[in-house]
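Undergrad: Below is a structure I'd like to ask you about.
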Amino acid sequence: QQRLVFIATMTCTTFQCIQLLALLSVCKAQVFTLAPLPYAYNALEPTIDTETMQLHHDKHHAAYLTTLNAAMATMSQNESAKYLTNLTAENLVRRISEVPSGVYTSVRNGGGGFVNHNLFWNCMTPGGSALNLSSPLGSRILSQWTSLEAFKKDFNDSATKVFGSGWAWLVADSANAFRLSVMSTPNQDSPWMQAGLVPLLALDVWEHAYYLKYRNVRATYVTAWWGVVNWTGVEQRYALALGSPTLPTVAPNLITRSSGADRPRPALALLLLAAAAAAAMGP
């Protein structure tokens, strides 16, 4: 990387060098990456159509990531906030009250959208999976709602009654013996932002999540969605929450932060080479 910077700067004007180094600084600060879907784009058909999955993941989710990374770059230049750039995305969102006012909205919306979607993709699996009613999660649902169907009705009501855009959730409260509750949040707000809450199951009810197939009939989308719910993953998240009550939990194999070692260096190299080539051709 240092060699590429040297080559590029040797062919750049002073102004171009300044632009290039500024861009390099931003690239180095982009510590979060967009993980691929855990299944093919068409894997959730016919419940969720292929085009919706492509647009939702590659455009909408990616846009939240871009917003978050820009905020991270800004915070990395702020001595009093730099420590926040060392947190996982979930812990950053959980500590939203510590984020500087200048990037607060970006972290709230971009960070919230990023972690919410990371969980959402892992809440689904092709064909769905059954809830083990004898598991800690299954037993707790039966204890609090008497039946799985009663729980689903409560969840469906929460999802369909979200005004405008938002999410429906099943969460565990680490401050209350991991009691379960159904809740909703507006926009990209996340349960991570509320002390003690651990999100287990997430349903995106923004129109971009369902409009191509279901148009404005959200209730039909919500009902159909149960056919692809990954209950095995939800059970695992609840078990992790019970085992680590003080730490945010994520879906198994879900990585939302990349280390310096696995940042996409090839893309950066191409960027620098392209900049050098452009500079060599003239201003």
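A note on labels: chains of the structure tokens are A, B, ... as shown, every chain counts residues from 1, and ligands are counted from 1 in their shown order.
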Find the spatial neighbours of Asn109 (chain A), counting only C-alpha atoms, within a cut-off of 12 Å - ignore same-chain residues fewer than 5 positions away - and output them as a PDB file with C-alpha atoms, in the first residue's frame.
TA:
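Written out: selection.pdb:
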```pdb
ATOM      1  CA  HIS A  60     -30.586  -0.444   0.845  1.00  0.00           C
ATOM      2  CA  HIS A  61     -28.381  -2.367   3.286  1.00  0.00           C
ATOM      3  CA  ALA A  63     -26.497   2.471   1.778  1.00  0.00           C
ATOM      4  CA  TYR A  64     -26.772   2.180   5.568  1.00  0.00           C
ATOM      5  CA  LEU A  65     -23.247   0.777   5.623  1.00  0.00           C
ATOM      6  CA  THR A  66     -21.937   3.725   3.596  1.00  0.00           C
ATOM      7  CA  THR A  67     -23.550   6.171   6.012  1.00  0.00           C
ATOM      8  CA  LEU A  68     -22.081   4.348   9.002  1.00  0.00           C
ATOM      9  CA  ASN A  69     -18.580   4.182   7.527  1.00  0.00           C
ATOM     10  CA  ALA A  71     -19.517   8.568  10.421  1.00  0.00           C
ATOM     11  CA  VAL A  93     -25.304   1.283  18.490  1.00  0.00           C
ATOM     12  CA  ILE A  96     -25.532   5.635  20.882  1.00  0.00           C
ATOM     13  CA  VAL A 103     -22.603  12.250  13.519  1.00  0.00           C
ATOM     14  CA  TYR A 104     -25.335  11.127  15.910  1.00  0.00           C
ATOM     15  CA  PHE A 114     -26.646  -1.882   9.357  1.00  0.00           C
ATOM     16  CA  VAL A 115     -27.051  -4.043  12.470  1.00  0.00           C
ATOM     17  CA  ASN A 116     -30.804  -4.467  11.997  1.00  0.00           C
ATOM     18  CA  HIS A 117     -30.341  -5.890   8.513  1.00  0.00           C
ATOM     19  CA  GLY A 166     -39.915   0.395  11.045  1.00  0.00           C
ATOM     20  CA  PRO A 186     -39.579   3.299  14.064  1.00  0.00           C
ATOM     21  CA  ASN A 187     -37.254   3.875  11.135  1.00  0.00           C
ATOM     22  CA  GLN A 188     -33.884   2.164  11.807  1.00  0.00           C
ATOM     23  CA  ASP A 189     -33.983   2.374  15.583  1.00  0.00           C
ATOM     24  CA  SER A 190     -32.816  -0.846  17.184  1.00  0.00           C
ATOM     25  CA  MET A 193     -30.275   1.207  21.743  1.00  0.00           C
TER      26      MET A 193
END
```
Undergrad: Determine which residues of region 81-185 of chain A DSSP labels as strand (DSSP E) from the backbone of this structure, then write them out as a list in words.
TA: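 DSSP-assigned strand (DSSP E) residues in region 81-185 of chain A: Gly166, Trp167, Ala168, Trp169, Leu170, Val171, Ala172, Asp173, Arg179, Leu180, Ser181, Val182, Met183, Ser184 and Thr185 of chain A.
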Undergrad: Can I get the selection written as a PDB file, in the first residue's frame, with N, CA and C atoms?
TA:
```pdb
ATOM      1  N   GLY A 166     -40.477   0.847   9.786  1.00  0.00           N
ATOM      2  CA  GLY A 166     -39.915   0.395  11.045  1.00  0.00           C
ATOM      3  C   GLY A 166     -39.723  -1.103  11.098  1.00  0.00           C
ATOM      4  N   TRP A 167     -39.678  -1.614  12.312  1.00  0.00           N
ATOM      5  CA  TRP A 167     -39.357  -3.021  12.548  1.00  0.00           C
ATOM      6  C   TRP A 167     -40.239  -3.603  13.647  1.00  0.00           C
ATOM      7  N   ALA A 168     -40.435  -4.925  13.585  1.00  0.00           N
ATOM      8  CA  ALA A 168     -41.055  -5.668  14.682  1.00  0.00           C
ATOM      9  C   ALA A 168     -40.000  -6.618  15.236  1.00  0.00           C
ATOM     10  N   TRP A 169     -40.047  -6.830  16.558  1.00  0.00           N
ATOM     11  CA  TRP A 169     -38.974  -7.574  17.221  1.00  0.00           C
ATOM     12  C   TRP A 169     -39.498  -8.542  18.279  1.00  0.00           C
ATOM     13  N   LEU A 170     -38.744  -9.608  18.461  1.00  0.00           N
ATOM     14  CA  LEU A 170     -38.820 -10.404  19.682  1.00  0.00           C
ATOM     15  C   LEU A 170     -37.505 -10.149  20.390  1.00  0.00           C
ATOM     16  N   VAL A 171     -37.573  -9.690  21.638  1.00  0.00           N
ATOM     17  CA  VAL A 171     -36.357  -9.350  22.379  1.00  0.00           C
ATOM     18  C   VAL A 171     -36.364 -10.059  23.728  1.00  0.00           C
ATOM     19  N   ALA A 172     -35.171 -10.201  24.298  1.00  0.00           N
ATOM     20  CA  ALA A 172     -35.009 -10.708  25.658  1.00  0.00           C
ATOM     21  C   ALA A 172     -34.461  -9.572  26.510  1.00  0.00           C
ATOM     22  N   ASP A 173     -34.954  -9.458  27.721  1.00  0.00           N
ATOM     23  CA  ASP A 173     -34.539  -8.386  28.627  1.00  0.00           C
ATOM     24  C   ASP A 173     -33.575  -8.952  29.664  1.00  0.00           C
ATOM     25  N   ARG A 179     -36.714 -12.192  30.312  1.00  0.00           N
ATOM     26  CA  ARG A 179     -38.111 -12.282  29.910  1.00  0.00           C
ATOM     27  C   ARG A 179     -38.247 -11.801  28.477  1.00  0.00           C
ATOM     28  N   LEU A 180     -39.099 -12.454  27.712  1.00  0.00           N
ATOM     29  CA  LEU A 180     -39.304 -12.115  26.322  1.00  0.00           C
ATOM     30  C   LEU A 180     -40.386 -11.058  26.177  1.00  0.00           C
ATOM     31  N   SER A 181     -40.282 -10.278  25.119  1.00  0.00           N
ATOM     32  CA  SER A 181     -41.345  -9.336  24.797  1.00  0.00           C
ATOM     33  C   SER A 181     -41.327  -9.032  23.309  1.00  0.00           C
ATOM     34  N   VAL A 182     -42.487  -8.647  22.810  1.00  0.00           N
ATOM     35  CA  VAL A 182     -42.639  -8.217  21.422  1.00  0.00           C
ATOM     36  C   VAL A 182     -42.686  -6.706  21.428  1.00  0.00           C
ATOM     37  N   MET A 183     -41.989  -6.091  20.498  1.00  0.00           N
ATOM     38  CA  MET A 183     -41.954  -4.639  20.440  1.00  0.00           C
ATOM     39  C   MET A 183     -41.759  -4.200  18.995  1.00  0.00           C
ATOM     40  N   SER A 184     -41.894  -2.923  18.751  1.00  0.00           N
ATOM     41  CA  SER A 184     -41.617  -2.360  17.428  1.00  0.00           C
ATOM     42  C   SER A 184     -40.760  -1.120  17.620  1.00  0.00           C
ATOM     43  N   THR A 185     -40.028  -0.766  16.570  1.00  0.00           N
ATOM     44  CA  THR A 185     -39.232   0.455  16.582  1.00  0.00           C
ATOM     45  C   THR A 185     -39.462   1.203  15.269  1.00  0.00           C
TER      46      THR A 185
END
```
Undergrad: Write down as a PyMOL selection string the residues of region 30-259 of chain A whose backbone DSSP state falls under alpha helix (DSSP H).
TA: chain A and resi 50-55+62-76+89-94+101-106+112-122+136-145+148-160+211-214+218-225+231-243
Undergrad: For a quick check of understanding, using only C-alpha atoms, which of A:Thr125, A:Lys59, A:Glu90, A:Gly113 has the smallest distance to Val228 (chain A)?
TA: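 Nearest to Val228 (chain A): A:Thr125.
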Undergrad: Would you compute the distance between CA of Ala239 (chain A) and CA of Pro136 (chain A)? Give it in Å to one decimal.
TA: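 Spanning CA of Ala239 (chain A) to CA of Pro136 (chain A) is a straight-line distance of 7.3 Å.
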Undergrad: So that I can check the surroundings of Glu207 (chain A), please list as a list in words every protein, DNA and RNA residue that reaches within 8 Å of it, counting only C-alpha atoms and ignoring chain neighbours fewer than 4 positions away.
TA: Ser165, Tyr211 and Asn216 of chain A
Undergrad: Those residues you just picked out, can you put them in a file as an mmCIF file, in the first residue's frame with all heavy atoms?
TA:
```cif
data_model
loop_
_atom_site.group_PDB
_atom_site.id
_atom_site.type_symbol
_atom_site.label_atom_id
_atom_site.label_comp_id
_atom_site.auth_asym_id
_atom_site.auth_seq_id
_atom_site.Cartn_x
_atom_site.Cartn_y
_atom_site.Cartn_z
ATOM 1 N N SER A 165 -42.548 3.466 8.467
ATOM 2 C CA SER A 165 -41.465 2.495 8.317
ATOM 3 C C SER A 165 -40.907 2.101 9.673
ATOM 4 O O SER A 165 -40.844 2.919 10.594
ATOM 5 C CB SER A 165 -40.343 3.092 7.466
ATOM 6 O OG SER A 165 -40.830 3.467 6.191
ATOM 7 N N TYR A 211 -42.662 -4.426 -1.013
ATOM 8 C CA TYR A 211 -43.626 -3.770 -1.894
ATOM 9 C C TYR A 211 -43.697 -4.380 -3.297
ATOM 10 O O TYR A 211 -44.774 -4.427 -3.904
ATOM 11 C CB TYR A 211 -43.327 -2.266 -2.000
ATOM 12 C CG TYR A 211 -44.503 -1.465 -2.497
ATOM 13 C CD1 TYR A 211 -45.482 -1.023 -1.604
ATOM 14 C CD2 TYR A 211 -44.659 -1.174 -3.845
ATOM 15 C CE1 TYR A 211 -46.577 -0.301 -2.049
ATOM 16 C CE2 TYR A 211 -45.753 -0.450 -4.301
ATOM 17 C CZ TYR A 211 -46.702 -0.020 -3.400
ATOM 18 O OH TYR A 211 -47.799 0.690 -3.840
ATOM 19 N N ASN A 216 -49.118 -2.777 -1.183
ATOM 20 C CA ASN A 216 -49.344 -2.088 0.078
ATOM 21 C C ASN A 216 -49.990 -2.980 1.138
ATOM 22 O O ASN A 216 -50.399 -2.497 2.194
ATOM 23 C CB ASN A 216 -50.241 -0.866 -0.145
ATOM 24 C CG ASN A 216 -51.623 -1.253 -0.648
ATOM 25 O OD1 ASN A 216 -51.746 -2.160 -1.474
ATOM 26 N ND2 ASN A 216 -52.658 -0.578 -0.181
#
```
Undergrad: I'd like a table as a Markdown table: residues in region 34-110 of chain A with an atom no more than 12 Å from region 224-227 of chain A, each row giving the shortest atom pair and its distance in Å to one decimal, only C-alpha atoms counted, sorted by chain and rising residue number.
TA:
```
| residue | atom | partner | partner_atom | distance |
| --- | --- | --- | --- | --- |
| A:Leu44 | CA | A:Gly227 | CA | 9.1 |
| A:Glu45 | CA | A:Gly227 | CA | 10.4 |
| A:Pro46 | CA | A:Ala224 | CA | 9.4 |
| A:Thr47 | CA | A:Ala224 | CA | 6.2 |
| A:Ile48 | CA | A:Trp225 | CA | 8.0 |
| A:Asp49 | CA | A:Trp225 | CA | 11.7 |
```
Undergrad: How many Å lie between CA of Trp231 (chain A) and CA of Phe178 (chain A), rounded to one decimal?
TA: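 Interatomic distance here is 17.7 Å.
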Undergrad: Just want the 12 Å neighbourhood of Trp121 (chain A), counted on only C-alpha atoms, with same-chain residues fewer than 2 positions away dropped. Output as number ranges by chain.
TA: A: 34-41, 43-44, 48, 53, 56-57, 61, 114-119, 123-126, 201-204, 209, 228-230, 233-234, 250-251, 254
Undergrad: Could you state the separation of CA of Leu131 (chain A) and CA of Pro199 (chain A) in Å, given to one decimal place?
TA: 16.9 Å
Undergrad: Nearest residue to Asp157 (chain A) out of A:His208, A:Arg218, A:Lys213, A:Arg140, using only C-alpha atoms?
TA: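 Among the listed residues, the smallest separation from Asp157 (chain A) belongs to A:Arg218.
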Undergrad: For a quick check of understanding, using only C-alpha atoms, which of A:Gln194, A:Ala159, A:Glu149, A:Asn42 has the smallest distance to Gly127 (chain A)?
TA: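 Under the stated criterion, the closest residue is A:Asn42.
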Undergrad: Smallest atom-to-atom distance to Leu133 (chain A): which of A:Glu98, A:Gly112, A:Ser147, A:Leu84, using only C-alpha atoms?
TA: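 For Leu133 (chain A), the nearest of the candidates is A:Ser147.
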Undergrad: For Thr220 (chain A), find every residue with an atom within 10 Å (counting only C-alpha atoms), except residues of its own chain fewer than 6 positions away, and show them as a compact mmCIF listing (two decimals) with N, CA, C and O atoms, in the first residue's frame.
TA:
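After the write, selection-v9.txt holds the following:
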```txt
# COMPACT_ATOMS: atom_id res chain seq x y z
N THR A 160 -47.83 -5.16 11.89
CA THR A 160 -48.78 -4.50 11.00
C THR A 160 -49.17 -3.11 11.49
O THR A 160 -49.60 -2.27 10.69
N TYR A 210 -40.94 -5.41 0.97
CA TYR A 210 -42.02 -6.27 0.49
C TYR A 210 -42.86 -5.70 -0.65
O TYR A 210 -43.68 -6.41 -1.25
N TYR A 214 -45.88 -7.67 -2.56
CA TYR A 214 -47.12 -7.56 -1.78
C TYR A 214 -47.80 -6.19 -1.91
O TYR A 214 -48.86 -5.99 -1.30
```
